[in-house]
Each structure stands twice: as structure tokens, then as C-alpha cells.
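Asker: I'd like to ask you about the structure that follows.
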Protein chains: 2
Amino acid sequence: MKPPTRKDEIIKTAAKLFKEKGYSAVTMRDLASEMGIKAASLYNHIKSKQEILKEIIISLAEEFTKGLQDIQKSNLSNIEKLQEIVKLHVSITSQNTYGMASLNNDWMHLEDNRDYYLKLRYNYENEFRNIIVKGIKNNEIISENEDVMLFSILSTLRSLYLWIPKKEDLDPEELSRQLSQVLINGINKKIN
Amino acid sequence: MKPPTRKDEIIKTAAKLFKEKGYSAVTMRDLASEMGIKAASLYNHIKSKQEILKEIIISLAEEFTKGLQDIQKSNLSNIEKLQEIVKLHVSITSQNTYGMASLNNDWMHLEDNRDYYLKLRYNYENEFRNIIVKGIKNNEIISENEDVMLFSILSTLRSLYLWIPKKEDLDPEELSRQLSQVLINGINKKIN
């Protein structure tokens with residue numbers, strides 16, 4: 001791990017402010033004041049609030065995309081791939097709950113990068129659905145509507161940021177196991 | 001069913017505008033213009049944007065509270081109670097997706113009624129958790145962390161408003177059955 005740069009600290013503090021006050025209400029002046037520096041020196045590191053938002057959201061979206069690509073390259077069964085996706089969400093969310101809040105609440109404020117974000121999101125949902133569809137064909141997953149399964153699992157995983165900060169002493173391994181039990185066993189054909 | 005009053009129409013149109021533009025960005029003038037009436041005549045029916053928000057959110061929160069109380073009074077098993085809660089969410093959400101969007105996105109803009117809303121929400125979650133805890137004690141539900149189960153089921157049910165409008169030809173009975181399969185069978189001890 002590289003030590004965080006000033007720019008990293010700015011981005012982290014901004015994500016916290018966006019969560020507390022909403023993206024639209026936060027000014028570069030608020031951000032400077034929260035960091036205890038002058039607004040002018042902020043601009044040595046970052047051009048605009050929009051650039052910060054892009055850094056937060058696009059880097060998270062690319063992290064999810066990369067994680068899912070790695071899972072897809074593996075030789076795991078489809079049920080195991082779903083379990084790995086649960087771990088991916090718990091891991092990314094527990095490391096960056098403010099960033100995940102911003103991803104969920106503020107993506108619509110993206111300007112130049114909005115289409116790119118939506119493309120990543122669309123592709124992610126498609127790959128996720130493919131795993132479910134293959135699992136059904138392969139007799140690993142019960143034959144239910146794939147969109148209901150996709151939506152149920154993703155809704156929970158996308159809401160983790162609301163909930164992880166409330167859990168004290170979070171153990172990501174144990175939480176992933178519990179979530180897999182609750183979210184994936186209901187569709188696992190070997191169990192049902 | 002009573003025919004909708006002018007006030008009902010105002011509230012419905014407002015919920016749609018809140019979803020499209022965000023509560024803060026909508027003015028009483030926008031609302032009048034969307035309805036094709038003069039702003040002055042809006043005020044014959046409704047005092048303020050805040051009153052509209054209260055009507056949307058509190059009436060929905062009370063509908064959920066009432067629905068859960070009825071389920072609690074029944075002689076159903078705890079698993080069956082959870083299945084009825086799924087139906088309750090599908091039914092309320094499919095009848096009022098804009099209102100549910102407002103409930104989810106705009107509750108923090110409530111002024112005088114915010115504490116009342118939060119009390120209803122807190123009690124709802126508590127009653128829901130009680131059903132899960134009783135189900136575990138009664139050997140109907142697998143012995144997993146009750147908050148993980150509560151959170152997983154509620155996250156999906158609370159996100160239904162994002163997803164129901166995309167489904168054409170929605171059949172609430174069939175959607176409830178599918179959701180129960182995916183969300184509840186994973187924790188049903190008879191199946192696992």
C-alpha cells in the first residue's frame with residue numbers, strides 16, 4: 001500500500017461531506033475548511049468538485065468491473081462465482097463506505113463521465129445476469145426469473161454501505177458468509 | 001374506491017415531480033404548471049410543499065405499519081408472516097411507485113413529522129426483526145444473524161420502486177411468489 005497522497009485525502013474528505021450534506025450542497029470552500037487548508041491550495045491538487053466526483057465514482061466502478069472480470073476468468077462453479085461477488089461487494093464497501101454512498105447517491109451528478117459510468121454499470125449487471133442464467137442452465141440454480149434473482153441480490157449488496165458502518169467489529173469474512181447463506185442458498189438447487 | 005379528489009391529484013403529480021427533479025428543486029409553481037392550473041388555485045387545496053411531502057410519506061409509512069400489525073395479529077407461522085410482508089411491499093409499491101421513491105429519497109426533508117416518521121420506521125424494523133427472532137427460536141428459520149436477514153430482505157423490498165416500473169405486465173402475485181422464493185427460502189429451515 002502506498003501512503004495516501006494529499007489528493008487521496010481530499011477525495012476521502014469530500015466523499016464524507018457529500019454523504020453528510022449531499023453533493024449539490026458541498027462547496028470547494030466547505031471542503032477546504034473541513035481539511036483546515038486554504039481554498040486556493042485545494043486547487044493545486046484538484047480542479048473541481050466534478051473532478052472529485054469522477055475520481056470517487058469511476059475508480060469504484062472500475063474496481064467492481066475488474067473484480068467481476070477476475071471472477072469470470074476463474075474455474076469456479078456459478079454458485080461459487082455468486083459467493084465471490086458477495087465477497088467483492090463486502091470488501092470494497094467496508095473499505096470505502098463514504099465512496100459507496102457517493103456512488104449510490106451522486107452518480108447522476110456526473111457530467112462528462114456519466115455515460116461511461118452507466119456503461120460500466122450496465123455491463124456489470126449483464127455479466128452478473130449471465131452467471132445466473134448459466135447457473136440455471138447448468139442445474140446449479142433453481143429455475144426462477146433471473147431478473148428477480150439479480151435484483152434481489154444486487155439491491156442488498158448495493159445497500160451495504162448504509163448498514164456496514166452500524167456493525168461494530170465488522171468481520172468481512174463472516175459477513176460475506178452470512179450474506180451468501182441468506183442471499184444465495186435460496187436459489188441454490190442442491191439445497192432446495 | 002372513492003374517486004380521486006383534486007388534492008389526491010396534486011399529491012400524485014408532486015410525487016412524480018419529486019422523483020424526476022428531486023424534492024428541493026421542485027417549486028409550487030412547477031407543480032401548478034404541470035397540472036395546468038394557476039399557482040393561486042393550488043393553495044386552495046394544499047398549504048405548502050412540506051404538507052405534500054408529509055401526505056405522501058406519512059400515509060405510506062402508516063399503511064406499512066397497519067399492514068404489519070394485521071400480519072402480526074394473524075395465526076400464521078413466522079415464515080408465512082415473512083411471505084405476507086413481501087406481498088405487502090409488492091402491493092403498496094406497485095400501486096404507488098412515485099410515492100415510494102419519495103419515501104426513500106425525500107424523508108430527510110420532512111420537518112415537523114420527521115421524528116414521527118423515524119419512530120414508525122424504527123418500530124417497523126423492530127417488529128420485522130421480532131418475527132425473524134421468533135422464527136429462529138421456533139426452529140422455522142435457520143440460526144443466522146437476524147440483522148443480516150432483516151437487512152437483506154428489507155434492502156430488496158425497499159428497492160422495489162426502482163425496479164417494478166421496468167417490469168412490463170407486472171403480476172403482483174407472481175412477483176411476490178418469486179421474491180419469497182429467493183428471499184425467504186434461503187432462511188427457511190425446512191428447506192435448508
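Scheme for the C-alpha cells: letters A, B, ... for chains in order shown; per-chain residue numbers from 1; ligand numbers from 1 in order shown.
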Could you tell me, as a PyMOL selection string, which residues of segment 106-168 of chain B DSSP assigns to helix (DSSP H, G or I) when given the backbone?

Answerer: chain B and resi 106-109+114-137+146-158+160-166

Asker: Sorted by chain and rising residue number, list the residues of chain A at most 9 Å from chain B (counting only C-alpha atoms), each with its closest atom pair and distance in Å to one decimal, as a tab-separated table.

Answerer:
```
residue	atom	partner	partner_atom	distance
A:Glu144	CA	B:Gln178	CA	6.9
A:Asn145	CA	B:Gln178	CA	7.3
A:Val148	CA	B:Leu179	CA	6.7
A:Met149	CA	B:Val182	CA	6.4
A:Phe151	CA	B:Thr156	CA	7.5
A:Ser152	CA	B:Thr156	CA	5.3
A:Ile153	CA	B:Thr156	CA	7.6
A:Leu154	CA	B:Thr156	CA	8.2
A:Ser155	CA	B:Thr156	CA	5.1
A:Thr156	CA	B:Ser155	CA	5.1
A:Leu157	CA	B:Ser152	CA	8.3
A:Arg158	CA	B:Ser155	CA	8.6
A:Ser159	CA	B:Ser155	CA	6.4
A:Leu160	CA	B:Phe151	CA	8.7
A:Trp163	CA	B:Phe151	CA	7.9
A:Leu175	CA	B:Val148	CA	8.0
A:Gln178	CA	B:Glu144	CA	6.9
A:Leu179	CA	B:Val148	CA	6.7
A:Gln181	CA	B:Gly186	CA	6.6
A:Val182	CA	B:Gly186	CA	5.1
A:Leu183	CA	B:Gly186	CA	6.5
A:Ile184	CA	B:Gly186	CA	6.8
A:Asn185	CA	B:Gly186	CA	4.7
A:Gly186	CA	B:Gly186	CA	3.5
A:Ile187	CA	B:Val182	CA	5.9
A:Asn188	CA	B:Gly186	CA	8.5
A:Ile191	CA	B:Asn192	CA	5.9
A:Asn192	CA	B:Ile191	CA	6.0
```

Asker: Quick one: residues within 9 Å of Arg6 of chain A, only C-alpha atoms counted, chain neighbours fewer than 4 positions away excluded, as a list in words?

Answerer: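 The residues that qualify are Ile10, Ile11 and His45 of chain A.
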
Asker: For a test of reading the model, state the distance in Å between atom CA of Leu31 of chain B and atom CA of Asp106 of chain A, rounded to one decimal.

Answerer: 24.6 Å
